[in-house]
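Shown next: work_17.tsv, containing TSV, C-alpha atoms and all ligand atoms.
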```
chain	number	residue	atom	x	y	z
A	978	MET	CA	-186.14	13.68	49.74
A	979	LYS	CA	-187.34	16.26	52.22
A	980	LYS	CA	-189.60	19.01	50.91
A	981	ASN	CA	-188.77	22.68	51.19
A	982	ILE	CA	-191.27	24.14	53.64
A	983	LEU	CA	-190.63	27.63	52.24
A	984	ASP	CA	-192.33	26.49	49.03
A	985	PHE	CA	-195.68	26.41	50.79
A	986	SER	CA	-198.13	29.27	51.18
A	987	LYS	CA	-199.84	29.60	54.54
A	988	GLU	CA	-203.09	28.35	52.98
A	989	GLU	CA	-201.35	25.22	51.75
A	990	LEU	CA	-199.88	24.60	55.18
A	991	LYS	CA	-203.33	25.17	56.68
A	992	SER	CA	-204.78	22.39	54.60
A	993	LYS	CA	-202.12	20.08	56.02
A	994	PHE	CA	-201.68	21.32	59.56
A	995	GLY	CA	-204.78	23.40	60.31
A	996	PHE	CA	-204.32	26.26	62.76
A	997	ARG	CA	-200.70	25.23	63.33
A	998	ALA	CA	-199.84	26.78	59.94
A	999	LYS	CA	-199.91	30.24	61.45
A	1000	GLN	CA	-197.58	29.16	64.24
A	1001	LEU	CA	-195.24	27.55	61.74
A	1002	TYR	CA	-195.06	30.75	59.72
A	1003	HIS	CA	-194.36	32.70	62.87
A	1004	TRP	CA	-191.48	30.43	63.89
A	1005	ILE	CA	-189.94	30.27	60.44
A	1006	TYR	CA	-190.25	33.87	59.32
A	1007	GLN	CA	-190.57	35.98	62.44
A	1008	LYS	CA	-188.55	33.99	64.94
A	1009	GLU	CA	-186.23	32.92	62.13
A	1010	LYS	CA	-185.86	29.38	63.47
A	1011	GLN	CA	-184.12	26.87	61.30
A	1012	ASN	CA	-185.02	23.76	63.31
A	1013	PHE	CA	-188.47	22.37	63.95
A	1014	SER	CA	-187.27	21.10	67.33
A	1015	GLU	CA	-187.13	24.70	68.62
A	1016	MET	CA	-190.79	25.42	67.85
A	1017	GLU	CA	-191.91	25.14	71.43
A	1018	ASN	CA	-195.65	25.54	71.10
A	1019	LEU	CA	-195.97	22.76	68.56
A	1020	PRO	CA	-196.66	19.25	69.89
A	1021	LYS	CA	-193.57	17.07	70.03
A	1022	LYS	CA	-195.12	14.55	67.68
A	1023	LEU	CA	-195.81	17.19	65.03
A	1024	ARG	CA	-192.29	18.56	65.37
A	1025	ALA	CA	-190.92	15.08	64.73
A	1026	GLU	CA	-193.19	14.63	61.72
A	1027	LEU	CA	-192.12	17.95	60.27
A	1028	GLU	CA	-188.48	17.14	60.87
A	1029	GLU	CA	-188.89	13.94	58.95
A	1030	SER	CA	-190.54	15.39	55.87
A	1031	TYR	CA	-189.42	19.01	55.56
A	1032	LYS	CA	-186.39	21.24	55.45
A	1033	ILE	CA	-186.28	24.93	56.34
A	1034	SER	CA	-182.81	25.80	55.05
A	1035	ASN	CA	-182.06	24.89	51.48
A	1036	LEU	CA	-179.60	27.57	50.46
A	1037	GLU	CA	-175.99	27.44	51.48
A	1038	THR	CA	-174.06	30.71	51.55
A	1039	LEU	CA	-170.93	30.00	49.54
A	1040	GLN	CA	-169.60	33.51	49.47
A	1041	LYS	CA	-170.41	36.92	50.83
A	1042	GLN	CA	-168.60	39.95	49.46
A	1043	GLU	CA	-168.93	43.50	50.67
A	1044	ALA	CA	-168.30	46.44	48.36
A	1045	SER	CA	-166.77	49.73	49.41
A	1046	ASP	CA	-170.23	51.35	49.30
A	1047	GLY	CA	-171.70	48.78	51.69
A	1048	THR	CA	-173.46	46.69	49.05
A	1049	VAL	CA	-173.23	42.99	49.84
A	1050	LYS	CA	-173.34	40.23	47.27
A	1051	TYR	CA	-174.26	36.69	48.29
A	1052	LEU	CA	-173.51	33.59	46.32
A	1053	PHE	CA	-175.95	30.84	47.25
A	1054	ARG	CA	-175.72	27.15	46.50
A	1055	LEU	CA	-179.03	25.49	45.68
A	1056	PRO	CA	-179.71	21.87	46.67
A	1057	ASP	CA	-178.89	20.62	43.15
A	1058	GLY	CA	-175.50	22.33	43.20
A	1059	ARG	CA	-176.45	25.23	40.95
A	1060	THR	CA	-175.76	28.74	42.22
A	1061	VAL	CA	-177.47	32.12	42.23
A	1062	GLU	CA	-176.46	35.58	43.37
A	1063	THR	CA	-178.46	37.98	45.53
A	1064	VAL	CA	-177.55	41.57	46.34
A	1065	LEU	CA	-178.25	43.57	49.47
A	1066	ILE	CA	-178.23	47.29	48.81
A	1067	ARG	CA	-178.01	49.65	51.76
A	1068	MET	CA	-179.21	53.19	51.54
A	1069	ARG	CA	-179.13	55.99	54.05
A	1070	GLU	CA	-182.29	57.97	54.00
A	1071	GLU	CA	-182.59	61.35	55.64
A	1072	ARG	CA	-185.83	62.37	57.19
A	1073	VAL	CA	-186.79	65.44	59.15
A	1074	GLY	CA	-187.84	64.47	62.65
A	1075	GLU	CA	-190.61	66.02	64.74
A	1076	SER	CA	-188.34	68.58	66.33
A	1077	GLY	CA	-186.88	69.59	63.00
A	1078	ASP	CA	-183.68	67.60	63.37
A	1079	ILE	CA	-182.44	65.39	60.58
A	1080	LEU	CA	-182.70	61.69	61.25
A	1081	GLN	CA	-180.63	59.15	59.43
A	1082	GLN	CA	-182.51	56.00	58.63
A	1083	ALA	CA	-181.14	52.80	57.20
A	1084	ARG	CA	-183.01	51.36	54.23
A	1085	TYR	CA	-182.40	48.02	52.67
A	1086	THR	CA	-183.24	46.65	49.29
A	1087	VAL	CA	-182.82	42.99	48.51
A	1088	CYS	CA	-182.31	42.26	44.83
A	1089	VAL	CA	-183.37	38.66	44.27
A	1090	SER	CA	-182.84	36.17	41.46
A	1091	THR	CA	-185.78	34.25	40.00
A	1092	GLN	CA	-183.97	31.86	37.67
A	1093	VAL	CA	-180.58	30.24	37.22
A	1094	GLY	CA	-179.60	31.93	33.97
A	1095	CYS	CA	-182.14	33.49	31.64
A	1096	LYS	CA	-183.86	32.61	28.36
A	1097	VAL	CA	-184.25	36.16	27.10
A	1098	GLY	CA	-180.62	36.48	26.04
A	1099	CYS	CA	-180.11	40.25	26.08
A	1100	SER	CA	-176.89	41.15	24.31
A	1101	PHE	CA	-175.68	43.46	27.10
A	1102	CYS	CA	-176.33	41.18	30.07
A	1103	LEU	CA	-173.84	38.88	31.73
A	1104	THR	CA	-176.54	36.62	33.16
A	1105	ALA	CA	-177.62	35.80	29.61
A	1106	LYS	CA	-174.16	34.53	28.71
A	1107	GLY	CA	-174.59	31.31	30.64
A	1108	GLY	CA	-177.89	30.50	28.94
A	1109	PHE	CA	-180.90	29.23	30.82
A	1110	VAL	CA	-180.58	26.51	33.42
A	1111	ARG	CA	-183.79	26.41	35.43
A	1112	ASP	CA	-186.50	28.27	37.28
A	1113	LEU	CA	-186.15	28.87	40.99
A	1114	SER	CA	-188.96	27.53	43.15
A	1115	ALA	CA	-191.00	29.98	45.19
A	1116	GLY	CA	-189.16	28.83	48.31
A	1117	GLU	CA	-185.78	29.41	46.70
A	1118	ILE	CA	-186.81	32.98	45.91
A	1119	VAL	CA	-188.22	33.55	49.40
A	1120	GLU	CA	-185.17	32.10	51.12
A	1121	GLN	CA	-182.86	34.68	49.54
A	1122	VAL	CA	-184.81	37.36	51.41
A	1123	LEU	CA	-185.15	35.29	54.59
A	1124	THR	CA	-181.44	34.55	54.79
A	1125	ILE	CA	-180.58	38.22	54.52
A	1126	ARG	CA	-183.31	39.18	57.00
A	1127	ARG	CA	-181.68	36.92	59.59
A	1128	GLU	CA	-178.59	39.11	59.34
A	1129	LEU	CA	-180.35	42.47	59.45
A	1130	GLN	CA	-181.25	42.60	63.09
A	1131	ASN	CA	-183.96	45.05	64.14
A	1132	SER	CA	-183.87	46.83	60.85
A	1133	THR	CA	-186.71	48.68	59.23
A	1134	LYS	CA	-188.54	46.64	56.63
A	1135	GLU	CA	-186.67	45.94	53.47
A	1136	ASN	CA	-187.78	46.42	49.89
A	1137	VAL	CA	-187.59	43.54	47.48
A	1138	VAL	CA	-186.74	44.01	43.83
A	1139	TYR	CA	-186.97	41.12	41.39
A	1140	MET	CA	-183.99	42.37	39.43
A	1141	GLY	CA	-181.37	39.71	39.97
A	1142	MET	CA	-180.70	36.80	37.64
A	1143	GLY	CA	-183.51	35.75	35.36
A	1144	GLU	CA	-186.72	37.09	33.87
A	1145	PRO	CA	-189.31	37.04	36.68
A	1146	LEU	CA	-192.35	36.89	34.39
A	1147	ASP	CA	-190.91	33.84	32.67
A	1148	ASN	CA	-191.22	32.05	36.02
A	1149	PHE	CA	-194.68	33.40	36.59
A	1150	ASP	CA	-196.35	31.00	39.03
A	1151	ASN	CA	-193.37	30.78	41.34
A	1152	LEU	CA	-192.93	34.55	41.24
A	1153	VAL	CA	-196.54	35.16	42.25
A	1154	LYS	CA	-196.29	32.58	44.99
A	1155	ALA	CA	-193.10	34.16	46.33
A	1156	ILE	CA	-194.73	37.62	46.34
A	1157	ASN	CA	-197.59	36.21	48.39
A	1158	ILE	CA	-195.43	34.27	50.83
A	1159	LEU	CA	-193.23	37.33	51.40
A	1160	GLN	CA	-196.22	39.55	52.10
A	1161	ASP	CA	-197.92	37.17	54.55
A	1162	GLU	CA	-198.74	38.98	57.77
A	1163	ASN	CA	-197.53	36.04	59.85
A	1164	GLY	CA	-194.38	35.84	57.78
A	1165	LEU	CA	-191.96	38.50	56.64
A	1166	ALA	CA	-194.88	40.88	56.00
A	1167	ILE	CA	-193.25	42.70	53.11
A	1168	ALA	CA	-196.19	44.54	51.58
A	1169	PRO	CA	-196.64	44.32	47.79
A	1170	ARG	CA	-196.00	48.03	47.47
A	1171	ARG	CA	-192.48	47.28	48.74
A	1172	GLN	CA	-191.95	44.71	46.01
A	1173	THR	CA	-190.96	45.60	42.44
A	1174	VAL	CA	-191.03	43.17	39.54
A	1175	SER	CA	-188.64	44.13	36.75
A	1176	THR	CA	-189.32	42.70	33.31
A	1177	SER	CA	-187.71	42.81	29.92
A	1178	GLY	CA	-191.22	43.25	28.56
A	1179	ILE	CA	-193.25	40.08	28.02
A	1180	SER	CA	-196.43	42.02	27.26
A	1181	THR	CA	-198.84	39.12	27.68
A	1182	LYS	CA	-197.40	38.33	31.10
A	1183	ILE	CA	-197.57	41.98	32.15
A	1184	ASP	CA	-201.31	41.69	31.45
A	1185	LYS	CA	-201.49	38.43	33.36
A	1186	LEU	CA	-199.76	39.99	36.36
A	1187	GLY	CA	-202.04	42.99	36.11
A	1188	SER	CA	-205.13	40.78	36.14
A	1189	LEU	CA	-204.10	39.46	39.55
A	1190	ASP	CA	-203.99	43.01	40.90
A	1191	LEU	CA	-201.45	42.15	43.59
A	1192	GLY	CA	-200.41	45.73	44.23
A	1193	VAL	CA	-196.76	45.22	43.32
A	1194	HIS	CA	-194.78	47.78	41.38
A	1195	ILE	CA	-193.56	46.98	37.92
A	1196	ALA	CA	-190.38	48.19	36.29
A	1197	ILE	CA	-190.07	47.89	32.55
A	1198	SER	CA	-186.65	47.40	30.99
A	1199	LEU	CA	-187.27	49.54	27.94
A	1200	HIS	CA	-183.72	50.47	26.92
A	1201	ALA	CA	-184.56	51.68	23.42
A	1202	VAL	CA	-187.13	53.75	21.56
A	1203	ASP	CA	-186.86	52.08	18.14
A	1204	ASP	CA	-187.83	48.47	17.59
A	1205	GLU	CA	-184.77	47.88	15.48
A	1206	VAL	CA	-182.37	48.93	18.20
A	1207	ARG	CA	-184.40	47.24	20.91
A	1208	THR	CA	-184.44	43.93	19.04
A	1209	GLU	CA	-180.68	44.06	18.85
A	1210	LEU	CA	-180.49	44.51	22.59
A	1211	ILE	CA	-183.40	42.24	23.54
A	1212	PRO	CA	-184.13	39.63	20.85
A	1213	MET	CA	-187.57	38.95	22.35
A	1214	ASN	CA	-188.62	42.40	21.16
A	1215	LYS	CA	-189.49	40.71	17.86
A	1216	ALA	CA	-192.39	39.00	19.55
A	1217	PHE	CA	-193.24	41.72	22.05
A	1218	ASN	CA	-192.43	45.05	20.47
A	1219	ILE	CA	-192.28	48.46	22.09
A	1220	GLN	CA	-195.88	49.38	21.33
A	1221	SER	CA	-197.21	46.12	22.77
A	1222	ILE	CA	-195.35	46.84	25.99
A	1223	ILE	CA	-196.60	50.42	26.22
A	1224	ASP	CA	-200.16	49.19	25.65
A	1225	ALA	CA	-199.81	46.55	28.36
A	1226	VAL	CA	-198.46	49.14	30.80
A	1227	LYS	CA	-201.43	51.38	30.09
A	1228	ARG	CA	-203.74	48.50	30.99
A	1229	PHE	CA	-201.86	47.64	34.20
A	1230	PRO	CA	-203.92	48.43	37.30
A	1231	TYR	CA	-202.13	51.23	39.04
A	1232	ASP	CA	-202.88	53.24	42.11
A	1233	ASN	CA	-203.17	56.88	40.97
A	1234	ARG	CA	-200.41	58.01	43.24
A	1235	LYS	CA	-197.87	55.59	41.88
A	1236	ARG	CA	-195.66	55.86	38.86
A	1237	VAL	CA	-194.59	53.06	36.56
A	1238	MET	CA	-190.86	52.75	36.46
A	1239	PHE	CA	-189.08	52.44	33.15
A	1240	GLU	CA	-185.48	51.35	33.16
A	1241	TYR	CA	-183.35	52.70	30.37
A	1242	LEU	CA	-179.90	51.26	29.98
A	1243	VAL	CA	-177.78	53.95	28.40
A	1244	ILE	CA	-175.14	52.68	25.97
A	1245	ARG	CA	-172.69	54.93	24.23
A	1246	ASN	CA	-173.63	55.71	20.61
A	1247	VAL	CA	-176.48	53.23	20.72
A	1248	ASN	CA	-179.31	54.97	22.53
A	1249	ASP	CA	-177.79	58.00	24.26
A	1250	SER	CA	-178.64	60.79	21.83
A	1251	LEU	CA	-181.08	63.59	22.54
A	1252	GLN	CA	-182.99	62.30	19.55
A	1253	SER	CA	-183.68	59.17	21.57
A	1254	ALA	CA	-184.64	61.25	24.59
A	1255	LYS	CA	-187.13	63.11	22.46
A	1256	LYS	CA	-188.71	59.89	21.19
A	1257	LEU	CA	-188.81	58.58	24.72
A	1258	LEU	CA	-190.88	61.54	25.83
A	1259	LYS	CA	-193.34	60.93	23.06
A	1260	LEU	CA	-193.54	57.23	23.74
A	1261	LEU	CA	-194.35	57.68	27.41
A	1262	ASP	CA	-196.82	60.45	26.82
A	1263	GLY	CA	-199.99	59.74	28.79
A	1264	ILE	CA	-198.32	57.34	31.22
A	1265	LYS	CA	-197.56	58.37	34.76
A	1266	ALA	CA	-193.98	57.27	34.49
A	1267	LYS	CA	-190.61	57.74	36.03
A	1268	ILE	CA	-187.50	56.80	34.20
A	1269	ASN	CA	-184.42	55.31	35.73
A	1270	LEU	CA	-181.34	55.80	33.59
A	1271	ILE	CA	-178.72	53.11	34.10
A	1272	TYR	CA	-175.11	53.39	33.01
A	1273	PHE	CA	-174.18	50.36	30.97
A	1274	ASN	CA	-171.86	48.31	33.15
A	1275	PRO	CA	-169.20	46.70	31.00
A	1276	HIS	CA	-168.12	43.12	31.55
A	1277	GLU	CA	-165.59	40.90	29.90
A	1278	GLY	CA	-166.39	40.24	26.27
A	1279	SER	CA	-169.09	42.89	25.99
A	1280	GLU	CA	-169.11	44.94	22.82
A	1281	PHE	CA	-170.83	47.97	24.33
A	1282	GLN	CA	-169.45	51.01	26.08
A	1283	ARG	CA	-170.48	53.12	29.00
A	1284	PRO	CA	-171.90	56.50	28.05
A	1285	THR	CA	-170.02	59.62	29.07
A	1286	GLU	CA	-171.17	61.37	32.20
A	1287	LYS	CA	-171.91	64.44	30.12
A	1288	SER	CA	-174.25	62.66	27.73
A	1289	MET	CA	-175.98	60.96	30.66
A	1290	MET	CA	-176.58	64.31	32.38
A	1291	GLU	CA	-177.83	65.89	29.19
A	1292	PHE	CA	-180.18	63.02	28.59
A	1293	ALA	CA	-181.60	63.27	32.11
A	1294	ASP	CA	-181.87	67.06	31.98
A	1295	TYR	CA	-183.67	66.94	28.67
A	1296	LEU	CA	-186.36	64.69	30.14
A	1297	ASN	CA	-186.65	66.44	33.48
A	1298	GLN	CA	-187.00	69.84	31.87
A	1299	ARG	CA	-189.93	68.52	29.89
A	1300	GLY	CA	-191.75	67.02	32.82
A	1301	LEU	CA	-190.65	63.39	32.72
A	1302	LEU	CA	-189.16	62.44	36.06
A	1303	ALA	CA	-185.74	60.99	35.27
A	1304	THR	CA	-183.16	59.75	37.73
A	1305	ILE	CA	-179.74	58.29	37.16
A	1306	ARG	CA	-179.25	55.01	38.96
A	1307	ALA	CA	-176.23	55.09	41.16
A	1308	SER	CA	-174.64	51.76	40.35
A	1309	LYS	CA	-173.97	49.98	43.57
A	1310	GLY	CA	-171.34	47.38	44.22
A	1311	ILE	CA	-169.39	47.76	41.00
A	1312	ASP	CA	-166.13	46.68	42.62
A	1313	ILE	CA	-167.56	43.27	43.51
A	1314	SER	CA	-169.53	42.82	40.26
A	1315	ALA	CA	-172.82	43.22	42.09
A	1316	ALA	CA	-174.19	45.95	39.85
A	1317	CYS	CA	-177.00	45.61	37.32
A	1318	GLY	CA	-176.33	42.98	34.72
A	1319	GLN	CA	-173.24	41.65	36.45
A	1320	LEU	CA	-174.78	38.67	38.22
A	1321	ARG	CA	-174.13	35.16	37.06
A	1322	GLU	CA	-173.82	31.53	38.02
A	1323	GLN	CA	-170.48	30.69	39.53
A	1324	ASN	CA	-168.54	27.63	40.37
A	1325	LEU	CA	-166.16	28.17	43.20
B	1401	LIG	N1	-184.78	40.20	33.66
B	1401	LIG	C1	-185.32	41.35	34.25
B	1401	LIG	C2	-184.79	41.62	35.64
B	1401	LIG	C3	-183.31	41.42	35.88
B	1401	LIG	S1	-182.17	42.48	35.08
B	1401	LIG	C4	-185.11	42.55	33.37
B	1401	LIG	O1	-184.36	42.46	32.41
B	1401	LIG	O2	-185.74	43.56	33.62
B	1401	LIG	C5	-182.18	43.97	36.05
B	1401	LIG	C6	-181.78	45.22	35.25
B	1401	LIG	O3	-180.36	45.22	34.96
B	1401	LIG	C7	-182.48	45.32	33.91
B	1401	LIG	O4	-183.03	46.59	33.71
B	1401	LIG	C8	-181.35	45.03	32.96
B	1401	LIG	O5	-181.61	45.55	31.70
B	1401	LIG	C9	-180.17	45.67	33.65
B	1401	LIG	N2	-178.89	45.26	33.08
B	1401	LIG	C10	-178.57	44.09	32.47
B	1401	LIG	N3	-177.28	44.11	32.04
B	1401	LIG	C11	-176.77	45.30	32.38
B	1401	LIG	C12	-175.48	45.90	32.23
B	1401	LIG	N4	-174.48	45.27	31.63
B	1401	LIG	N5	-175.31	47.15	32.73
B	1401	LIG	C13	-176.32	47.79	33.37
B	1401	LIG	N6	-177.54	47.26	33.54
B	1401	LIG	C14	-177.77	46.04	33.05
B	1402	LIG	FE1	-182.56	38.15	31.27
B	1402	LIG	FE2	-182.97	40.60	32.29
B	1402	LIG	FE3	-180.48	39.77	31.63
B	1402	LIG	FE4	-182.24	40.28	29.71
B	1402	LIG	S1	-181.40	41.75	31.20
B	1402	LIG	S2	-180.90	38.48	29.82
B	1402	LIG	S3	-184.13	39.59	30.65
B	1402	LIG	S4	-181.78	38.92	33.21
```
For the structure just supplied, provide its representation as structure tokens.
Ligand code: SAH
Ligand code: SF4
Amino acid sequence: MKKNILDFSKEELKSKFGFRAKQLYHWIYQKEKQNFSEMENLPKKLRAELEESYKISNLETLQKQEASDGTVKYLFRLPDGRTVETVLIRMREERVGESGDILQQARYTVCVSTQVGCKVGCSFCLTAKGGFVRDLSAGEIVEQVLTIRRELQNSTKENVVYMGMGEPLDNFDNLVKAINILQDENGLAIAPRRQTVSTSGISTKIDKLGSLDLGVHIAISLHAVDDEVRTELIPMNKAFNIQSIIDAVKRFPYDNRKRVMFEYLVIRNVNDSLQSAKKLLKLLDGIKAKINLIYFNPHEGSEFQRPTEKSMMEFADYLNQRGLLATIRASKGIDISAACGQLREQNL
């Protein structure tokens, strides 16, 4: 079977193809070519060799749905027939130009999957319902971004968030490889500071990621301030409790200017009281943090309920008034089930 060339770092390609590795990266990621035959500055013989042993495109777009807010959800078929979902989130950003006028700028965030299914099994998450199937390879992660890049002509650089299906730190080596391939200067050149790894809190792996000092952002899915409640939401909390996560975050190498993002899924009558907000403040004391409050997005068969808008506002206000930067995540793409926790494997 042909190998996926997107699975290879530039260094690995260098050891096989020498200085041609740089040219290959350029053709694949910057010129977005999908056929080796079009790579004009490579010798014909090499092109034929590559053609024989490697593939560039491994994902097939089975479905593409656009939500009313412009969010696009892709359903990709992997070579073994499994599927993953990837979400493109568009934002308009306003910026004051040199002459004082307001410029509209398009911003894109690609939300990628790292696994088919997930082992963590959070009780509120639709991805968890299908169990765990397999890890994605580095190339399968990278190709989600590459495929979308091909469609975003002349855009400003996109951000990448590892917040799709799966627990990124549970697929550690492939995640790290994908981060590096995506940031390669001859490739897509998406700097680590534009990449955010979201984790349900595997403390030991947060440390491991920190030790590599890649410069990526981390987002911690905290969701609760008591271990009892958190364990109900995220069973793995038994092994990696709240304090172990907070300690790991404190050890994580962070540029002074940056804040660690904590995600807090707000569920009615579970964790939405001001009592919880108060505990949250205490817990994050001493960490340069920002907190992203997420409305629980219901799905079929889920026992939880969305919080009221009023309780969400009160929760956010409570934190903001006491100096903890809290934002409420505008759920994107709800009408096409592209919002947080709504991604899953699908058979069409
Ligand atoms: N596995 C990683 C990354 C993917 S999940 C993690 O858990 O962090 C991305 C985010 O969506 C997480 O913060 C997750 O808690 C949240 N999420 C999961 N199910 C949700 C739901 N039903 N409603 C809203 N957010 C949800
Ligand atoms: Fe896995 Fe994240 Fe869903 Fe939990 S919320 S089951 S860790 S994908």
Residues near Lys1182 (chain A), cut-off 10 Å, only C-alpha atoms, skip fewer than 6 positions along chain, as JSON, numbers by chain: {"A": [1145, 1146, 1147, 1149, 1176, 1188, 1225]}
Set the distance at 8 Å and use only C-alpha atoms: which residues neighbour Glu1120 (chain A) once local chain neighbours fewer than 4 positions away are removed? I'd like the list as a PDB file with C-alpha atoms, keeping the file's coordinate frame.
```pdb
ATOM      1  CA  LEU A 983    -190.630  27.630  52.240  1.00  0.00           C
ATOM      2  CA  SER A1034    -182.810  25.800  55.050  1.00  0.00           C
ATOM      3  CA  ASN A1035    -182.060  24.890  51.480  1.00  0.00           C
ATOM      4  CA  LEU A1036    -179.600  27.570  50.460  1.00  0.00           C
ATOM      5  CA  GLY A1116    -189.160  28.830  48.310  1.00  0.00           C
ATOM      6  CA  THR A1124    -181.440  34.550  54.790  1.00  0.00           C
TER       7      THR A1124
END
```
Contacts of chain A with ligand LIG 1402 (chain B) up to 7 Å, shortest pair per row, only C-alpha atoms and all ligand atoms, as a Markdown table:
```
| residue | atom | partner | partner_atom | distance |
| --- | --- | --- | --- | --- |
| A:Cys1095 | CA | B:LIG1402 | FE1 | 4.7 |
| A:Lys1096 | CA | B:LIG1402 | FE1 | 6.4 |
| A:Val1097 | CA | B:LIG1402 | S2 | 4.9 |
| A:Gly1098 | CA | B:LIG1402 | S2 | 4.3 |
| A:Cys1099 | CA | B:LIG1402 | FE4 | 4.2 |
| A:Cys1102 | CA | B:LIG1402 | FE3 | 4.7 |
| A:Leu1103 | CA | B:LIG1402 | FE3 | 6.7 |
| A:Thr1104 | CA | B:LIG1402 | FE3 | 5.3 |
| A:Ala1105 | CA | B:LIG1402 | S2 | 4.2 |
| A:Gly1141 | CA | B:LIG1402 | S4 | 6.8 |
| A:Met1142 | CA | B:LIG1402 | S4 | 5.0 |
| A:Gly1143 | CA | B:LIG1402 | S4 | 4.2 |
| A:Glu1144 | CA | B:LIG1402 | S3 | 4.8 |
| A:Thr1176 | CA | B:LIG1402 | S3 | 6.6 |
| A:Ser1177 | CA | B:LIG1402 | S3 | 4.9 |
| A:Ile1211 | CA | B:LIG1402 | FE4 | 6.6 |
| A:Gly1318 | CA | B:LIG1402 | FE3 | 6.1 |
```
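The list of residues with at least one atom within 9 Å of Val1153 (chain A), based on all atoms listed in the file and without residues fewer than 4 positions apart in the same chain, reads Ala1115, Asn1148, Phe1149, Asn1157, Ile1158, Leu1186 and Leu1191 of chain A.
With all atoms listed in the file as the atoms that count, the minimum distance from ligand LIG 1401 (chain B) to the choices A:Leu1027, A:Ile1222, A:Cys1088, A:Leu1001 is reached by A:Cys1088.
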Which residue of A:Glu1291, A:Asp1204, A:Asp1224, A:Glu1240 approaches Ile1183 (chain A) most closely, using all atoms listed in the file: A:Asp1224
Might I get the box with edges along x, y and z of the file that holds all atoms of region 1146-1162 of chain A listed there, padded by 8 Å on every side, given as centre and edge lengths in Å to one decimal, as JSON?
```
{"center_x": -194.8, "center_y": 35.2, "center_z": 45.2, "size_x": 23.8, "size_y": 24.8, "size_z": 41.1}
```
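Distance annotation: of A:Glu1205, A:Glu1286, A:Asp1161, A:Glu1117, the residue with the minimal separation from Val1243 (chain A) is A:Glu1286; atom set is only C-alpha atoms.
When only C-alpha atoms are used to compute distances to Glu1209 (chain A), the closest of the residues A:Ser1180, A:Asn1248, A:Asn1274, A:Ser1175 turns out to be A:Asn1248.
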